[in-house]
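**Student:** my_file.pdb is reproduced in full below (PDB, C-alpha atoms, pLDDT in the B column).
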ATOM      1  CA  MET A   1     -71.277  47.970  45.402  1.00 48.00           C
ATOM      2  CA  THR A   2     -68.006  49.006  46.920  1.00 56.00           C
ATOM      3  CA  ASN A   3     -67.794  52.595  45.691  1.00 60.00           C
ATOM      4  CA  VAL A   4     -70.909  54.649  45.030  1.00 68.00           C
ATOM      5  CA  ILE A   5     -71.055  58.253  43.886  1.00 76.00           C
ATOM      6  CA  CYS A   6     -74.038  60.028  45.377  1.00 76.00           C
ATOM      7  CA  ALA A   7     -75.132  63.626  44.813  1.00 79.00           C
ATOM      8  CA  ASP A   8     -76.346  64.194  48.372  1.00 85.00           C
ATOM      9  CA  GLN A   9     -73.638  62.351  50.331  1.00 83.00           C
ATOM     10  CA  GLU A  10     -69.871  62.482  50.722  1.00 84.00           C
ATOM     11  CA  PHE A  11     -68.010  60.053  48.498  1.00 81.00           C
ATOM     12  CA  THR A  12     -64.464  59.081  47.559  1.00 78.00           C
ATOM     13  CA  ILE A  13     -63.325  57.934  44.153  1.00 77.00           C
ATOM     14  CA  ASP A  14     -61.005  54.960  44.495  1.00 74.00           C
ATOM     15  CA  THR A  15     -57.864  55.067  42.379  1.00 79.00           C
ATOM     16  CA  GLN A  16     -55.000  52.766  41.568  1.00 82.00           C
ATOM     17  CA  VAL A  17     -51.859  53.354  39.521  1.00 88.00           C
ATOM     18  CA  LEU A  18     -50.878  50.545  37.155  1.00 88.00           C
ATOM     19  CA  LEU A  19     -48.098  50.428  34.603  1.00 93.00           C
ATOM     20  CA  LEU A  20     -49.300  48.218  31.769  1.00 93.00           C
ATOM     21  CA  PRO A  21     -47.373  46.995  28.751  1.00 95.00           C
ATOM     22  CA  LEU A  22     -48.505  48.019  25.284  1.00 97.00           C
ATOM     23  CA  PRO A  23     -50.669  47.074  23.619  1.00 97.00           C
ATOM     24  CA  SER A  24     -53.349  47.171  26.315  1.00 96.00           C
ATOM     25  CA  VAL A  25     -57.099  47.582  26.383  1.00 96.00           C
ATOM     26  CA  LEU A  26     -58.776  49.574  29.149  1.00 93.00           C
ATOM     27  CA  LEU A  27     -62.498  49.233  29.681  1.00 91.00           C
ATOM     28  CA  CYS A  28     -64.989  50.856  32.009  1.00 88.00           C
ATOM     29  CA  ALA A  29     -68.654  49.833  32.033  1.00 85.00           C
ATOM     30  CA  THR A  30     -71.651  50.603  34.191  1.00 83.00           C
ATOM     31  CA  ASP A  31     -73.749  47.867  35.730  1.00 79.00           C
ATOM     32  CA  GLY A  32     -76.308  48.397  32.977  1.00 77.00           C
ATOM     33  CA  PHE A  33     -73.808  46.696  30.683  1.00 74.00           C
ATOM     34  CA  HIS A  34     -72.444  43.957  32.910  1.00 72.00           C
ATOM     35  CA  GLY A  35     -74.871  43.662  35.829  1.00 71.00           C
ATOM     36  CA  TYR A  36     -77.528  41.704  33.970  1.00 72.00           C
ATOM     37  CA  VAL A  37     -75.427  38.855  32.614  1.00 76.00           C
ATOM     38  CA  ALA A  38     -74.746  35.651  34.563  1.00 77.00           C
ATOM     39  CA  THR A  39     -71.043  36.281  35.293  1.00 81.00           C
ATOM     40  CA  PRO A  40     -68.228  38.638  34.250  1.00 85.00           C
ATOM     41  CA  ALA A  41     -67.038  35.876  31.888  1.00 86.00           C
ATOM     42  CA  HIS A  42     -70.275  36.264  29.974  1.00 84.00           C
ATOM     43  CA  PHE A  43     -69.826  40.011  29.730  1.00 87.00           C
ATOM     44  CA  GLU A  44     -66.401  39.356  28.181  1.00 91.00           C
ATOM     45  CA  CYS A  45     -67.960  36.745  25.934  1.00 90.00           C
ATOM     46  CA  HIS A  46     -70.489  39.281  24.605  1.00 89.00           C
ATOM     47  CA  LEU A  47     -67.781  41.918  24.043  1.00 93.00           C
ATOM     48  CA  LEU A  48     -65.477  39.529  22.199  1.00 95.00           C
ATOM     49  CA  ARG A  49     -68.215  37.889  20.147  1.00 94.00           C
ATOM     50  CA  ALA A  50     -69.453  41.286  18.964  1.00 95.00           C
ATOM     51  CA  MET A  51     -65.857  42.300  18.169  1.00 97.00           C
ATOM     52  CA  GLN A  52     -65.164  39.177  16.138  1.00 97.00           C
ATOM     53  CA  GLU A  53     -68.411  39.600  14.159  1.00 97.00           C
ATOM     54  CA  SER A  54     -67.700  43.264  13.328  1.00 98.00           C
ATOM     55  CA  CYS A  55     -65.779  44.894  10.480  1.00 97.00           C
ATOM     56  CA  ASP A  56     -64.922  48.123  12.310  1.00 97.00           C
ATOM     57  CA  THR A  57     -65.376  49.966  15.596  1.00 96.00           C
ATOM     58  CA  ARG A  58     -68.682  51.526  14.530  1.00 97.00           C
ATOM     59  CA  GLU A  59     -70.193  48.135  13.768  1.00 98.00           C
ATOM     60  CA  TRP A  60     -68.791  46.757  17.039  1.00 96.00           C
ATOM     61  CA  ALA A  61     -70.435  49.571  19.009  1.00 94.00           C
ATOM     62  CA  GLU A  62     -73.734  49.082  17.165  1.00 95.00           C
ATOM     63  CA  ARG A  63     -73.695  45.327  17.863  1.00 93.00           C
ATOM     64  CA  LEU A  64     -73.004  45.955  21.553  1.00 91.00           C
ATOM     65  CA  VAL A  65     -75.860  48.462  21.762  1.00 88.00           C
ATOM     66  CA  ARG A  66     -78.311  46.046  20.122  1.00 88.00           C
ATOM     67  CA  HIS A  67     -77.139  43.235  22.378  1.00 85.00           C
ATOM     68  CA  VAL A  68     -77.298  45.159  25.672  1.00 84.00           C
ATOM     69  CA  LEU A  69     -80.765  46.490  24.842  1.00 82.00           C
ATOM     70  CA  GLY A  70     -81.907  42.866  24.806  1.00 77.00           C
ATOM     71  CA  TYR A  71     -81.045  42.239  28.456  1.00 72.00           C
ATOM     72  CA  THR A  72     -80.395  45.370  30.482  1.00 70.00           C
ATOM     73  CA  GLY A  73     -82.797  46.780  33.002  1.00 65.00           C
ATOM     74  CA  ASP A  74     -80.801  49.974  33.471  1.00 69.00           C
ATOM     75  CA  ASP A  75     -78.937  52.628  31.534  1.00 80.00           C
ATOM     76  CA  ALA A  76     -75.746  51.232  30.058  1.00 81.00           C
ATOM     77  CA  SER A  77     -72.472  53.051  29.410  1.00 85.00           C
ATOM     78  CA  LEU A  78     -69.205  51.599  28.183  1.00 88.00           C
ATOM     79  CA  SER A  79     -65.883  53.272  27.443  1.00 93.00           C
ATOM     80  CA  LEU A  80     -63.014  51.396  25.880  1.00 94.00           C
ATOM     81  CA  VAL A  81     -59.585  52.492  24.699  1.00 96.00           C
ATOM     82  CA  ALA A  82     -57.165  50.218  22.858  1.00 96.00           C
ATOM     83  CA  LEU A  83     -53.673  51.607  23.436  1.00 97.00           C
ATOM     84  CA  GLY A  84     -50.834  50.592  21.133  1.00 97.00           C
ATOM     85  CA  TYR A  85     -53.015  49.006  18.439  1.00 97.00           C
ATOM     86  CA  PRO A  86     -52.591  50.372  14.913  1.00 97.00           C
ATOM     87  CA  GLY A  87     -56.251  49.706  14.102  1.00 97.00           C
ATOM     88  CA  PHE A  88     -59.359  47.616  14.656  1.00 98.00           C
ATOM     89  CA  ASP A  89     -58.232  44.744  12.414  1.00 98.00           C
ATOM     90  CA  ARG A  90     -55.153  44.182  14.567  1.00 98.00           C
ATOM     91  CA  LEU A  91     -57.186  44.434  17.779  1.00 98.00           C
ATOM     92  CA  ARG A  92     -59.704  41.895  16.487  1.00 98.00           C
ATOM     93  CA  ALA A  93     -56.938  39.551  15.313  1.00 98.00           C
ATOM     94  CA  ASP A  94     -55.126  39.768  18.657  1.00 98.00           C
ATOM     95  CA  PHE A  95     -58.322  38.862  20.538  1.00 98.00           C
ATOM     96  CA  ALA A  96     -59.514  36.098  18.197  1.00 98.00           C
ATOM     97  CA  GLN A  97     -57.901  33.328  20.243  1.00 98.00           C
ATOM     98  CA  ARG A  98     -59.196  34.773  23.520  1.00 95.00           C
ATOM     99  CA  ALA A  99     -62.699  34.945  22.030  1.00 95.00           C
ATOM    100  CA  GLU A 100     -62.512  31.263  21.088  1.00 94.00           C
ATOM    101  CA  GLN A 101     -61.220  30.341  24.565  1.00 93.00           C
ATOM    102  CA  VAL A 102     -63.953  32.233  26.390  1.00 90.00           C
ATOM    103  CA  GLU A 103     -66.657  30.741  24.152  1.00 88.00           C
ATOM    104  CA  ALA A 104     -65.302  27.215  24.621  1.00 88.00           C
ATOM    105  CA  ARG A 105     -64.682  27.431  28.362  1.00 86.00           C
ATOM    106  CA  TYR A 106     -67.940  29.103  29.348  1.00 79.00           C
ATOM    107  CA  GLY A 107     -70.247  27.209  27.037  1.00 63.00           C
ATOM    108  CA  GLY A 108     -70.903  29.948  24.544  1.00 54.00           C
ATOM    109  CA  CYS A 109     -72.518  31.947  27.340  1.00 55.00           C
ATOM    110  CA  ASP A 110     -75.462  29.544  27.604  1.00 60.00           C
ATOM    111  CA  ARG A 111     -76.582  28.457  31.032  1.00 63.00           C
ATOM    112  CA  PRO A 112     -78.790  25.552  32.081  1.00 66.00           C
ATOM    113  CA  ALA A 113     -82.524  26.261  32.262  1.00 71.00           C
ATOM    114  CA  GLU A 114     -83.176  24.413  35.534  1.00 80.00           C
ATOM    115  CA  GLU A 115     -82.740  26.787  38.487  1.00 83.00           C
ATOM    116  CA  GLU A 116     -80.489  24.671  40.752  1.00 85.00           C
ATOM    117  CA  ALA A 117     -78.283  23.561  37.841  1.00 83.00           C
ATOM    118  CA  ALA A 118     -78.032  27.206  36.730  1.00 81.00           C
ATOM    119  CA  ARG A 119     -76.964  28.266  40.241  1.00 84.00           C
ATOM    120  CA  ARG A 120     -74.220  25.611  40.345  1.00 86.00           C
ATOM    121  CA  TRP A 121     -73.139  26.536  36.813  1.00 82.00           C
ATOM    122  CA  ARG A 122     -72.959  30.253  37.703  1.00 84.00           C
ATOM    123  CA  THR A 123     -70.921  29.521  40.862  1.00 88.00           C
ATOM    124  CA  ARG A 124     -68.511  27.214  39.001  1.00 87.00           C
ATOM    125  CA  THR A 125     -68.109  29.674  36.124  1.00 85.00           C
ATOM    126  CA  TRP A 126     -67.425  32.609  38.462  1.00 87.00           C
ATOM    127  CA  ASN A 127     -64.957  30.599  40.565  1.00 90.00           C
ATOM    128  CA  GLU A 128     -62.998  29.648  37.430  1.00 89.00           C
ATOM    129  CA  TYR A 129     -62.993  33.172  35.996  1.00 89.00           C
ATOM    130  CA  ARG A 130     -62.482  35.148  39.214  1.00 90.00           C
ATOM    131  CA  PRO A 131     -58.670  34.849  39.688  1.00 91.00           C
ATOM    132  CA  ASP A 132     -57.908  36.511  36.333  1.00 89.00           C
ATOM    133  CA  TYR A 133     -60.766  38.983  36.746  1.00 87.00           C
ATOM    134  CA  GLU A 134     -59.410  40.205  40.085  1.00 88.00           C
ATOM    135  CA  ARG A 135     -55.697  39.892  39.293  1.00 87.00           C
ATOM    136  CA  LEU A 136     -55.049  43.641  38.931  1.00 85.00           C
ATOM    137  CA  MET A 137     -57.592  44.806  41.475  1.00 83.00           C
ATOM    138  CA  PRO A 138     -56.374  46.359  44.714  1.00 79.00           C
ATOM    139  CA  PRO A 139     -57.237  44.391  47.841  1.00 77.00           C
ATOM    140  CA  PRO A 140     -60.504  45.411  49.486  1.00 74.00           C
ATOM    141  CA  VAL A 141     -60.221  48.053  52.171  1.00 72.00           C
ATOM    142  CA  GLU A 142     -61.767  46.980  55.439  1.00 73.00           C
ATOM    143  CA  PRO A 143     -64.046  49.596  57.009  1.00 67.00           C
ATOM    144  CA  LEU A 144     -62.765  51.187  60.208  1.00 64.00           C
TER
END
With the file now loaded, output its structure as structure tokens.

**Tutor:**
Amino acid sequence: MTNVICADQEFTIDTQVLLLPLPSVLLCATDGFHGYVATPAHFECHLLRAMQESCDTREWAERLVRHVLGYTGDDASLSLVALGYPGFDRLRADFAQRAEQVEARYGGCDRPAEEEAARRWRTRTWNEYRPDYERLMPPPVEPL
């Protein structure tokens, strides 16, 4: 972890200002949501799959809750805001192609059963996904 909030210690909340074009989707999730899947690509895969299978935001949220309860070992919180979208149908339609791409590229989120093959698969998947994942992140701050 690079930034931890602790009740009995000093902490700093990292911030970054970004100007994003509309429409944009902003998402914040605790490790209970994303920390128990193989890679961040698989977290995206779960989000998009649940979105594509849902009729509205309520169903999407319910699908995500059912899904995360099947794998998390922690509390799980997720906040998402879709700015500039007139409704869920448009959001789902705009992400349909991305959902197909993520499913196709990362094998439908299935990993090999054998431990060494799974390790290589996880490393390859993360290395492919990482540049886009970190594209808007600020560079790490080196400790003094």

**Student:** I need the residue nearest Leu69 of chain A from this list: A:Arg49, A:Tyr85, A:Phe33, A:Asp94. Use only C-alpha atoms for the distance.

**Tutor:**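 Among the listed residues, the smallest separation from Leu69 of chain A belongs to A:Phe33.
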
**Student:** I need the output of the PyMOL selection byres ((chain A and resi 50) around 9) for this file as a PDB file with C-alpha atoms, in the coordinates of the input; which residues are they?

**Tutor:**
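Just written: result37.pdb:
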ATOM      1  CA  CYS A  45     -67.960  36.745  25.934  1.00 90.00           C
ATOM      2  CA  HIS A  46     -70.489  39.281  24.605  1.00 89.00           C
ATOM      3  CA  LEU A  47     -67.781  41.918  24.043  1.00 93.00           C
ATOM      4  CA  LEU A  48     -65.477  39.529  22.199  1.00 95.00           C
ATOM      5  CA  ARG A  49     -68.215  37.889  20.147  1.00 94.00           C
ATOM      6  CA  MET A  51     -65.857  42.300  18.169  1.00 97.00           C
ATOM      7  CA  GLN A  52     -65.164  39.177  16.138  1.00 97.00           C
ATOM      8  CA  GLU A  53     -68.411  39.600  14.159  1.00 97.00           C
ATOM      9  CA  SER A  54     -67.700  43.264  13.328  1.00 98.00           C
ATOM     10  CA  GLU A  59     -70.193  48.135  13.768  1.00 98.00           C
ATOM     11  CA  TRP A  60     -68.791  46.757  17.039  1.00 96.00           C
ATOM     12  CA  ALA A  61     -70.435  49.571  19.009  1.00 94.00           C
ATOM     13  CA  ARG A  63     -73.695  45.327  17.863  1.00 93.00           C
ATOM     14  CA  LEU A  64     -73.004  45.955  21.553  1.00 91.00           C
ATOM     15  CA  HIS A  67     -77.139  43.235  22.378  1.00 85.00           C
TER      16      HIS A  67
END

**Student:** Report the residues retrieved by the PyMOL selection byres ((chain A and resi 68) around 12) from the displayed file, expressed as JSON, numbers by chain.

**Tutor:** {"A": [29, 30, 31, 32, 33, 34, 35, 36, 37, 43, 46, 47, 50, 61, 62, 63, 64, 65, 66, 67, 69, 70, 71, 72, 73, 74, 75, 76, 77, 78]}

**Student:** What gap, in Å, lies between atom CA of Phe88 of chain A and atom CA of Asp56 of chain A?

**Tutor:**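 Computing the Euclidean distance for atom CA of Phe88 of chain A and atom CA of Asp56 of chain A yields 6.1 Å.
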
**Student:** Could you expand the PyMOL selection byres ((chain A and resi 81) around 7) into the explicit residues it covers here, written as a compact mmCIF listing (two decimals) with C-alpha atoms, keeping the file's coordinate frame?

**Tutor:**
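So result-v1.txt came out as:
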# COMPACT_ATOMS: atom_id res chain seq x y z
CA VAL A 25 -57.10 47.58 26.38
CA LEU A 26 -58.78 49.57 29.15
CA LEU A 27 -62.50 49.23 29.68
CA SER A 79 -65.88 53.27 27.44
CA LEU A 80 -63.01 51.40 25.88
CA ALA A 82 -57.16 50.22 22.86
CA LEU A 83 -53.67 51.61 23.44
